[in-house]
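Novice: Below you'll find entry.txt; it's compact mmCIF, C-alpha atoms and all ligand atoms.
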```txt
# COMPACT_ATOMS: atom_id res chain seq x y z
CA MET A 1 217.20 31.39 -19.70
CA THR A 2 219.92 32.76 -21.97
CA LYS A 3 220.25 31.86 -25.65
CA LEU A 4 223.38 29.83 -24.86
CA GLU A 5 221.60 27.77 -22.19
CA GLN A 6 218.62 27.19 -24.46
CA MET A 7 220.91 25.90 -27.22
CA LEU A 8 222.80 23.73 -24.72
CA ASN A 9 219.50 22.17 -23.59
CA GLU A 10 218.65 21.19 -27.14
CA ALA A 11 222.01 19.54 -27.96
CA ALA A 12 223.17 15.99 -27.21
CA SER A 13 226.71 16.67 -28.43
CA VAL A 14 228.68 19.89 -28.08
CA VAL A 15 232.06 21.06 -29.34
CA ILE A 16 233.77 24.12 -27.86
CA LEU A 17 236.29 26.06 -29.96
CA GLY A 18 238.54 29.10 -29.49
CA HIS A 19 241.02 30.97 -31.68
CA VAL A 20 244.41 29.85 -32.99
CA ASN A 21 247.33 30.44 -30.60
CA PRO A 22 244.98 30.65 -27.61
CA ASP A 23 245.64 33.28 -24.94
CA GLY A 24 244.42 33.40 -21.33
CA ASP A 25 240.95 34.68 -22.22
CA CYS A 26 240.49 32.02 -24.86
CA MET A 27 241.78 29.21 -22.59
CA GLY A 28 239.79 30.40 -19.58
CA SER A 29 236.56 30.88 -21.54
CA CYS A 30 236.79 27.54 -23.36
CA LEU A 31 237.55 25.56 -20.20
CA ALA A 32 234.85 27.42 -18.22
CA MET A 33 232.37 26.54 -20.96
CA TYR A 34 233.59 22.94 -20.96
CA ARG A 35 233.09 22.53 -17.23
CA TYR A 36 229.71 24.24 -17.36
CA ALA A 37 228.43 22.06 -20.22
CA LYS A 38 229.73 18.91 -18.49
CA LYS A 39 227.95 19.83 -15.26
CA ARG A 40 224.77 20.83 -16.96
CA LYS A 41 224.54 17.93 -19.37
CA GLN A 42 225.90 14.91 -17.56
CA GLY A 43 226.49 12.01 -19.94
CA ALA A 44 226.41 14.14 -23.10
CA ASP A 45 229.32 14.18 -25.56
CA ILE A 46 231.14 17.44 -24.76
CA ARG A 47 234.51 18.30 -26.33
CA VAL A 48 236.87 21.23 -26.15
CA CYS A 49 239.32 21.63 -29.04
CA LEU A 50 242.37 23.90 -29.09
CA LYS A 51 245.79 23.72 -30.64
CA ASN A 52 249.21 24.94 -29.59
CA PHE A 53 248.08 26.18 -26.17
CA PRO A 54 250.43 27.41 -23.43
CA GLU A 55 251.39 25.02 -20.66
CA LYS A 56 251.20 27.79 -18.07
CA PHE A 57 247.42 27.30 -18.05
CA SER A 58 247.70 23.65 -16.98
CA TYR A 59 246.23 24.54 -13.55
CA LEU A 60 242.84 25.06 -15.22
CA GLU A 61 240.36 22.22 -14.73
CA GLY A 62 239.86 20.33 -18.01
CA TYR A 63 243.26 21.32 -19.45
CA ASP A 64 244.29 17.66 -19.85
CA GLN A 65 241.09 16.87 -21.75
CA ILE A 66 241.64 19.36 -24.58
CA GLN A 67 241.47 17.68 -27.98
CA GLU A 68 244.29 18.86 -30.27
CA GLU A 69 243.30 17.38 -33.65
CA ALA A 70 240.12 17.78 -35.70
CA GLY A 71 238.38 14.52 -36.62
CA GLU A 72 235.47 13.40 -38.81
CA GLU A 73 232.78 13.57 -36.10
CA THR A 74 229.95 16.09 -36.19
CA PHE A 75 228.14 17.83 -33.33
CA ASP A 76 224.68 19.17 -32.56
CA LEU A 77 226.12 22.42 -31.24
CA CYS A 78 229.37 24.28 -31.89
CA ILE A 79 230.27 27.02 -29.37
CA CYS A 80 232.96 29.46 -30.54
CA LEU A 81 234.62 31.61 -27.89
CA ASP A 82 236.90 34.68 -28.13
CA CYS A 83 237.20 34.20 -31.88
CA SER A 84 236.34 37.08 -34.20
CA ASP A 85 236.14 35.26 -37.51
CA ARG A 86 235.83 31.77 -38.96
CA GLU A 87 239.43 31.64 -40.21
CA ARG A 88 240.79 32.11 -36.69
CA LEU A 89 239.19 28.82 -35.66
CA GLY A 90 242.01 27.22 -37.68
CA GLU A 91 241.57 23.55 -38.59
CA PHE A 92 238.61 23.19 -36.21
CA SER A 93 236.39 25.39 -38.42
CA VAL A 94 235.21 22.11 -39.98
CA TYR A 95 233.22 21.51 -36.77
CA LEU A 96 231.45 24.86 -37.19
CA ASP A 97 230.63 24.03 -40.80
CA THR A 98 229.12 20.64 -39.97
CA ALA A 99 227.35 21.45 -36.67
CA ARG A 100 223.53 21.57 -36.63
CA ALA A 101 223.59 24.82 -34.63
CA SER A 102 226.30 27.28 -33.59
CA ILE A 103 226.77 30.18 -31.24
CA CYS A 104 229.68 32.59 -30.83
CA VAL A 105 230.35 34.43 -27.57
CA ASP A 106 232.93 37.18 -28.04
CA HIS A 107 234.06 40.76 -27.36
CA HIS A 108 235.98 41.70 -30.54
CA VAL A 109 234.76 44.87 -32.24
CA THR A 110 235.83 43.23 -35.53
CA ASN A 111 233.63 40.13 -35.01
CA THR A 112 232.12 39.16 -38.35
CA GLY A 113 228.98 37.46 -36.98
CA TYR A 114 229.98 34.14 -38.55
CA ALA A 115 228.02 31.78 -36.25
CA GLY A 116 224.27 31.00 -36.28
CA GLU A 117 223.81 33.05 -33.11
CA ASN A 118 226.29 35.73 -32.06
CA VAL A 119 226.55 37.17 -28.56
CA VAL A 120 229.12 39.91 -29.08
CA GLU A 121 229.72 42.67 -26.53
CA ALA A 122 232.45 44.83 -28.04
CA GLY A 123 232.78 46.96 -24.91
CA ALA A 124 233.40 44.00 -22.60
CA SER A 125 236.84 43.44 -21.10
CA SER A 126 237.01 39.80 -22.12
CA THR A 127 235.04 36.90 -23.52
CA ALA A 128 235.12 35.47 -19.99
CA GLU A 129 233.11 38.51 -18.85
CA VAL A 130 230.54 38.09 -21.66
CA LEU A 131 230.34 34.34 -20.98
CA TYR A 132 229.73 34.95 -17.27
CA GLY A 133 226.55 36.81 -18.25
CA GLN A 134 225.35 33.77 -20.21
CA LEU A 135 225.77 31.24 -17.38
CA SER A 136 223.64 30.46 -14.29
CA ASP A 137 225.39 31.47 -11.07
CA ASP A 138 224.46 28.23 -9.30
CA LEU A 139 226.74 26.18 -11.57
CA ILE A 140 229.78 28.45 -11.11
CA ASP A 141 231.98 26.55 -8.67
CA LYS A 142 235.59 27.26 -7.68
CA GLU A 143 237.12 25.42 -10.66
CA LEU A 144 234.89 27.25 -13.13
CA ALA A 145 235.59 30.57 -11.39
CA GLU A 146 239.34 29.96 -11.81
CA CYS A 147 238.81 29.66 -15.56
CA LEU A 148 236.72 32.84 -15.89
CA TYR A 149 238.99 34.81 -13.54
CA THR A 150 242.03 33.78 -15.61
CA GLY A 151 240.30 35.04 -18.75
CA ILE A 152 239.47 38.40 -17.20
CA VAL A 153 242.93 38.85 -15.64
CA HIS A 154 244.73 38.17 -18.92
CA ASP A 155 242.60 40.32 -21.21
CA THR A 156 242.61 43.27 -18.81
CA GLY A 157 246.36 43.06 -18.11
CA VAL A 158 245.40 42.48 -14.45
CA PHE A 159 242.55 45.04 -14.38
CA ARG A 160 244.67 47.80 -16.00
CA PHE A 161 243.42 48.21 -19.55
CA SER A 162 240.74 50.77 -20.40
CA SER A 163 238.29 47.97 -21.18
CA THR A 164 238.10 47.25 -17.42
CA THR A 165 234.78 48.50 -16.01
CA ALA A 166 232.95 48.47 -12.70
CA LYS A 167 231.04 45.47 -14.03
CA THR A 168 234.33 43.66 -14.71
CA MET A 169 235.37 44.24 -11.10
CA GLU A 170 231.98 43.12 -9.79
CA ILE A 171 232.22 39.86 -11.72
CA ALA A 172 235.82 39.36 -10.53
CA GLY A 173 234.58 39.94 -6.98
CA LYS A 174 231.84 37.32 -7.37
CA LEU A 175 234.40 34.86 -8.71
CA MET A 176 236.71 35.58 -5.75
CA GLU A 177 233.89 34.63 -3.40
CA THR A 178 234.19 31.02 -4.57
CA GLY A 179 237.56 30.86 -2.79
CA ILE A 180 239.96 30.95 -5.74
CA ASP A 181 243.65 31.60 -5.09
CA PHE A 182 243.70 34.81 -7.12
CA THR A 183 247.25 35.81 -6.12
CA LYS A 184 248.61 32.55 -7.44
CA ILE A 185 246.60 32.79 -10.66
CA ILE A 186 247.88 36.32 -11.33
CA ASP A 187 251.51 35.61 -10.39
CA ASP A 188 251.90 32.22 -12.01
CA SER A 189 249.96 32.71 -15.22
CA PHE A 190 250.46 36.42 -15.90
CA TYR A 191 253.65 37.80 -14.34
CA LYS A 192 255.93 34.78 -14.01
CA LYS A 193 258.49 34.58 -16.82
CA THR A 194 261.19 32.03 -17.48
CA TYR A 195 264.80 33.17 -17.64
CA LEU A 196 264.78 32.95 -21.44
CA GLN A 197 261.47 34.83 -21.75
CA SER A 198 263.00 37.61 -19.64
CA GLN A 199 266.13 37.65 -21.80
CA ILE A 200 264.24 38.01 -25.07
CA LEU A 201 262.04 40.72 -23.50
CA GLY A 202 265.20 42.59 -22.50
CA ARG A 203 266.66 42.23 -25.95
CA ALA A 204 263.44 43.41 -27.65
CA LEU A 205 263.27 46.47 -25.37
CA MET A 206 266.95 47.29 -25.91
CA GLU A 207 266.42 47.36 -29.65
CA CYS A 208 263.13 49.29 -29.79
CA ILE A 209 262.97 52.34 -32.04
CA ARG A 210 260.86 55.45 -31.56
CA PHE A 211 259.46 57.50 -34.43
CA MET A 212 256.88 60.26 -35.05
CA ASP A 213 258.37 62.35 -32.26
CA GLY A 214 258.25 59.40 -29.87
CA LYS A 215 254.50 58.89 -30.32
CA CYS A 216 255.16 55.53 -31.99
CA ILE A 217 257.55 52.80 -31.09
CA PHE A 218 258.35 49.43 -32.54
CA THR A 219 260.53 46.44 -31.99
CA VAL A 220 260.99 43.17 -33.79
CA VAL A 221 262.05 39.64 -32.90
CA LYS A 222 263.45 37.70 -35.85
CA SER A 223 263.42 33.92 -36.25
CA GLN A 224 267.17 33.84 -35.69
CA ASP A 225 266.72 35.66 -32.35
CA MET A 226 264.08 33.12 -31.27
CA ASP A 227 266.44 30.30 -32.27
CA PHE A 228 269.34 31.92 -30.41
CA TYR A 229 267.38 32.21 -27.16
CA GLY A 230 265.53 28.93 -27.73
CA VAL A 231 262.09 30.52 -27.46
CA THR A 232 258.84 30.22 -29.42
CA PRO A 233 256.18 32.89 -30.18
CA LYS A 234 254.33 31.93 -26.97
CA ASP A 235 257.35 33.28 -25.06
CA LEU A 236 256.91 36.76 -26.56
CA ASP A 237 253.67 37.58 -24.72
CA GLY A 238 253.68 40.95 -23.03
CA ILE A 239 256.54 42.58 -24.98
CA VAL A 240 254.13 44.94 -26.77
CA ASP A 241 252.54 45.95 -23.45
CA HIS A 242 255.95 47.08 -22.17
CA LEU A 243 256.36 49.27 -25.25
CA ARG A 244 252.93 50.84 -24.74
CA THR A 245 253.79 52.04 -21.24
CA ILE A 246 256.89 53.98 -22.33
CA ASP A 247 256.46 57.69 -21.63
CA GLY A 248 255.10 59.66 -24.59
CA VAL A 249 254.07 56.61 -26.60
CA GLU A 250 250.61 56.62 -28.17
CA CYS A 251 250.99 53.58 -30.38
CA ALA A 252 253.24 50.54 -29.91
CA ILE A 253 254.03 47.97 -32.57
CA PHE A 254 255.58 44.60 -31.99
CA LEU A 255 256.57 42.27 -34.83
CA TYR A 256 257.85 38.76 -34.82
CA GLU A 257 258.90 36.79 -37.86
CA ILE A 258 256.67 33.81 -38.69
CA ASP A 259 258.22 33.06 -42.05
CA ASN A 260 260.64 34.64 -44.47
CA HIS A 261 259.37 38.21 -45.03
CA MET A 262 256.20 37.42 -43.04
CA TYR A 263 255.48 39.03 -39.68
CA LYS A 264 252.89 38.68 -36.93
CA VAL A 265 251.96 42.23 -35.93
CA SER A 266 250.71 43.24 -32.49
CA MET A 267 249.55 46.82 -31.90
CA ARG A 268 248.55 48.66 -28.74
CA SER A 269 247.43 52.27 -28.30
CA ASN A 270 246.80 54.51 -25.33
CA TYR A 271 244.25 57.23 -26.08
CA VAL A 272 243.60 58.09 -29.71
CA VAL A 273 244.56 55.54 -32.32
CA ASP A 274 242.00 52.84 -33.16
CA VAL A 275 244.36 49.95 -33.86
CA SER A 276 241.49 47.55 -34.65
CA ARG A 277 240.77 49.59 -37.79
CA ILE A 278 244.37 49.36 -38.93
CA ALA A 279 244.59 45.63 -38.17
CA ALA A 280 241.28 45.00 -39.97
CA TYR A 281 242.58 46.94 -43.00
CA PHE A 282 245.50 44.51 -43.20
CA GLY A 283 243.27 41.44 -42.81
CA GLY A 284 243.45 41.04 -39.01
CA GLY A 285 241.30 42.32 -36.19
CA GLY A 286 240.98 42.93 -32.48
CA HIS A 287 239.97 45.79 -30.22
CA VAL A 288 240.28 49.58 -30.31
CA ARG A 289 243.33 49.52 -27.99
CA ALA A 290 244.78 46.08 -28.84
CA ALA A 291 244.80 44.42 -32.23
CA GLY A 292 246.84 42.22 -34.51
CA CYS A 293 247.34 40.98 -38.04
CA THR A 294 249.85 39.19 -40.26
CA MET A 295 251.81 41.19 -42.84
CA SER A 296 254.37 40.38 -45.51
CA GLY A 297 257.34 42.37 -46.78
CA SER A 298 260.51 43.66 -45.15
CA ILE A 299 260.44 45.05 -41.60
CA HIS A 300 260.80 48.46 -43.16
CA ASP A 301 257.77 47.91 -45.44
CA VAL A 302 255.60 46.64 -42.61
CA VAL A 303 256.39 49.51 -40.24
CA ASN A 304 256.02 52.05 -43.06
CA ASN A 305 252.62 50.69 -44.08
CA LEU A 306 251.36 50.69 -40.51
CA SER A 307 252.70 54.16 -39.71
CA GLU A 308 250.90 55.66 -42.69
CA HIS A 309 247.59 54.63 -41.08
CA ILE A 310 248.65 55.68 -37.59
CA GLU A 311 249.72 59.09 -38.87
CA LYS A 312 246.42 59.56 -40.70
CA GLN A 313 244.50 58.90 -37.51
CA LEU A 314 246.73 61.18 -35.44
CA LEU A 315 246.38 63.99 -37.99
CA ALA A 316 242.59 63.57 -38.07
CA VAL A 317 242.49 64.02 -34.31
CA ASN A 318 244.72 67.11 -34.44
CA ASP A 319 242.45 68.61 -37.12
CA HIS A 320 239.56 68.45 -34.67
CA ASP A 321 241.48 70.28 -31.92
P1 LIG A 401 247.78 40.22 -29.93
O1 LIG A 401 248.44 41.45 -30.41
O2 LIG A 401 248.11 39.00 -30.74
O3 LIG A 401 247.92 40.04 -28.46
O4 LIG A 401 246.23 40.43 -30.21
C1 LIG A 401 245.52 41.54 -29.74
C2 LIG A 401 244.06 41.35 -30.06
O5 LIG A 401 243.87 41.33 -31.47
C3 LIG A 401 243.48 40.02 -29.55
O6 LIG A 401 242.18 40.26 -29.10
C4 LIG A 401 243.46 39.13 -30.77
O7 LIG A 401 242.40 38.21 -30.71
C5 LIG A 401 243.30 40.11 -31.91
N1 LIG A 401 244.07 39.63 -33.07
C6 LIG A 401 245.40 39.44 -33.13
N2 LIG A 401 245.78 38.99 -34.35
C7 LIG A 401 244.65 38.89 -35.08
C8 LIG A 401 244.35 38.46 -36.42
N3 LIG A 401 245.31 38.05 -37.26
N4 LIG A 401 243.06 38.48 -36.82
C9 LIG A 401 242.08 38.90 -35.99
N5 LIG A 401 242.29 39.31 -34.72
C10 LIG A 401 243.55 39.31 -34.27
MN MN A 402 242.02 36.08 -27.26
MN MN A 403 239.59 38.12 -25.49
```
Let me see the structure of the file written as structure tokens.
Ligand code: AMP
Ligand code: MN
Ligand code: MN

Specialist:
Amino acid sequence: MTKLEQMLNEAASVVILGHVNPDGDCMGSCLAMYRYAKKRKQGADIRVCLKNFPEKFSYLEGYDQIQEEAGEETFDLCICLDCSDRERLGEFSVYLDTARASICVDHHVTNTGYAGENVVEAGASSTAEVLYGQLSDDLIDKELAECLYTGIVHDTGVFRFSSTTAKTMEIAGKLMETGIDFTKIIDDSFYKKTYLQSQILGRALMECIRFMDGKCIFTVVKSQDMDFYGVTPKDLDGIVDHLRTIDGVECAIFLYEIDNHMYKVSMRSNYVVDVSRIAAYFGGGGHVRAAGCTMSGSIHDVVNNLSEHIEKQLLAVNDHD
């Protein structure tokens, strides 16, 4: 029996949490965990709490039962998924603080080990993949498989990113055997974009700027652009991944304005630059090839500060050649 199952057995009430602005891995992992706990502990008080989550994941079982506000109640067990530090639990961190026991299942290299028990596999493609290893196969039905498959698909960019391993594919294969409509999951939740999402993507790509001999590239979406197109940050998913695939690019930076002189930073790299180190330096976190943080200052300041670190890493690599 895994640590997670043991802790589940000992709890009469369970709360499941993810990170702020949940993505596909976070949504899929939390709803997989929710279904699993419900099946395993019939009659127990099981909750899943997330805020500001994308509607495109409404096909996932349990989506309409997500609790959006933190209350006064306390739980025997708090399960934190895909969340690298306590702060990223947002307002729900109160449930972690007051729970009798807690466990975090995650794959961020920057995970701070903030829960009572921490199952962190930094090399894993997704939290969904790590979570799969913690669950008993016999309780993984089609609905639960849809959740885990969604998590894996989103965090691997549909099995493209370097974090994808043979094990990832094996797990995806097992999940497919439950009869999930994988084509629909991939098309509808990953590739499908609204007209306005496509327009803002086009605009962001048109305005991207290369520097360091084309090894770095950045683009920015300002609040006024979001207002003009009538989009929100959730509509900007995937822009940074387009930048990363431009020929010659090692490191891609995407910024969007969250407040006056305050930017959400997304970074992606291809071979050399460890963007998790740079994001962690500026108070964020993530993975070696995909990371993020929040930074203040002008666009110029932000890009300058980031490029200093990127350049240092690139020079260090060249020194070894
Ligand atoms: P993003 O660029 O927002 O798609 O995030 C890339 C990766 O970095 C994801 O795994 C995020 O969980 C992580 N990440 C993004 N922003 C932050 C942050 N402010 N703090 C910690 N991790 C972050
Ligand atoms: Mn995530
Ligand atoms: Mn993840």

Novice: What residues of the protein or nucleic acid chains come within 7 Å of ligand MN 402 (chain A) when you use only C-alpha atoms and all ligand atoms? Reply as JSON, numbers by chain.

Specialist: {"A": [19, 22, 23, 24, 25, 26, 82, 83]}

Novice: Take the residues that were just selected and, keeping C-alpha atoms, output them as a short mmCIF file (atom, residue, chain, number, x, y, z; two decimals), in the frame of the given file.

Specialist:
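Dumped everything to out16.cif:
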```cif
data_model
loop_
_atom_site.label_atom_id
_atom_site.label_comp_id
_atom_site.auth_asym_id
_atom_site.auth_seq_id
_atom_site.Cartn_x
_atom_site.Cartn_y
_atom_site.Cartn_z
CA HIS A 19 241.02 30.97 -31.68
CA PRO A 22 244.98 30.65 -27.61
CA ASP A 23 245.64 33.28 -24.94
CA GLY A 24 244.42 33.40 -21.33
CA ASP A 25 240.95 34.68 -22.22
CA CYS A 26 240.49 32.02 -24.86
CA ASP A 82 236.90 34.68 -28.13
CA CYS A 83 237.20 34.20 -31.88
#
```

Novice: Could you check the closest approach to ligand LIG 401 (chain A) for each of A:Glu250, A:Glu170, A:Glu117, A:Asp106 and tell me which residue wins, using all atoms listed in the file?

Specialist: A:Asp106

Novice: Taking all atoms listed in the file into account, which residues have an atom no farther than 9 Å from ligand LIG 401 (chain A)? I'd like them as a PyMOL selection string.

Specialist: chain A and resi 19-23+25-26+82-85+87-88+107-108+110-111+126+155+237-238+240+253-254+264-268+275-276+279-280+282-287+289-294

Novice: Residues within 10 Å of (231.0, 33.7, -29.5), file coordinates, counting all atoms listed in the file: what are they? Give the list as a tab-separated table (two decimals) with C-alpha atoms, in the coordinates of the input.

Specialist:
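Result went into point.tsv, see below:
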```tsv
chain	number	residue	atom	x	y	z
A	4	LEU	CA	223.38	29.83	-24.86
A	17	LEU	CA	236.29	26.06	-29.96
A	18	GLY	CA	238.54	29.10	-29.49
A	78	CYS	CA	229.37	24.28	-31.89
A	79	ILE	CA	230.27	27.02	-29.37
A	80	CYS	CA	232.96	29.46	-30.54
A	81	LEU	CA	234.62	31.61	-27.89
A	82	ASP	CA	236.90	34.68	-28.13
A	83	CYS	CA	237.20	34.20	-31.88
A	84	SER	CA	236.34	37.08	-34.20
A	85	ASP	CA	236.14	35.26	-37.51
A	102	SER	CA	226.30	27.28	-33.59
A	103	ILE	CA	226.77	30.18	-31.24
A	104	CYS	CA	229.68	32.59	-30.83
A	105	VAL	CA	230.35	34.43	-27.57
A	106	ASP	CA	232.93	37.18	-28.04
A	107	HIS	CA	234.06	40.76	-27.36
A	108	HIS	CA	235.98	41.70	-30.54
A	111	ASN	CA	233.63	40.13	-35.01
A	113	GLY	CA	228.98	37.46	-36.98
A	114	TYR	CA	229.98	34.14	-38.55
A	115	ALA	CA	228.02	31.78	-36.25
A	116	GLY	CA	224.27	31.00	-36.28
A	117	GLU	CA	223.81	33.05	-33.11
A	118	ASN	CA	226.29	35.73	-32.06
A	119	VAL	CA	226.55	37.17	-28.56
A	120	VAL	CA	229.12	39.91	-29.08
A	121	GLU	CA	229.72	42.67	-26.53
A	127	THR	CA	235.04	36.90	-23.52
A	130	VAL	CA	230.54	38.09	-21.66
A	131	LEU	CA	230.34	34.34	-20.98
```

Novice: For ligand MN 403 (chain A), which residue among A:Gly151, A:Ser93, A:Tyr34, A:Ala99 is the nearest when counting only C-alpha atoms and all ligand atoms?

Specialist: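 Of A:Gly151, A:Ser93, A:Tyr34, A:Ala99, the one nearest ligand MN 403 (chain A) is A:Gly151, counting only C-alpha atoms and all ligand atoms.
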
Novice: For ligand MN 403 (chain A), which residue out of A:Pro54, A:Gly157, A:Gly133, A:Gly71 is the nearest one, using only C-alpha atoms and all ligand atoms?

Specialist: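 Going through A:Pro54, A:Gly157, A:Gly133, A:Gly71 one by one, the smallest distance to ligand MN 403 (chain A) is for A:Gly157.
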
Novice: Could you work out how far atom CA of A:Tyr191 lies from atom CA of A:Tyr229, giving the answer in Å with one decimal?

Specialist: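 These atoms are spaced 19.6 Å apart.
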
Novice: Which one of A:Lys56, A:His242, A:Arg47, A:Arg86 sits closest to A:Cys30 if you count only C-alpha atoms?

Specialist: A:Arg47
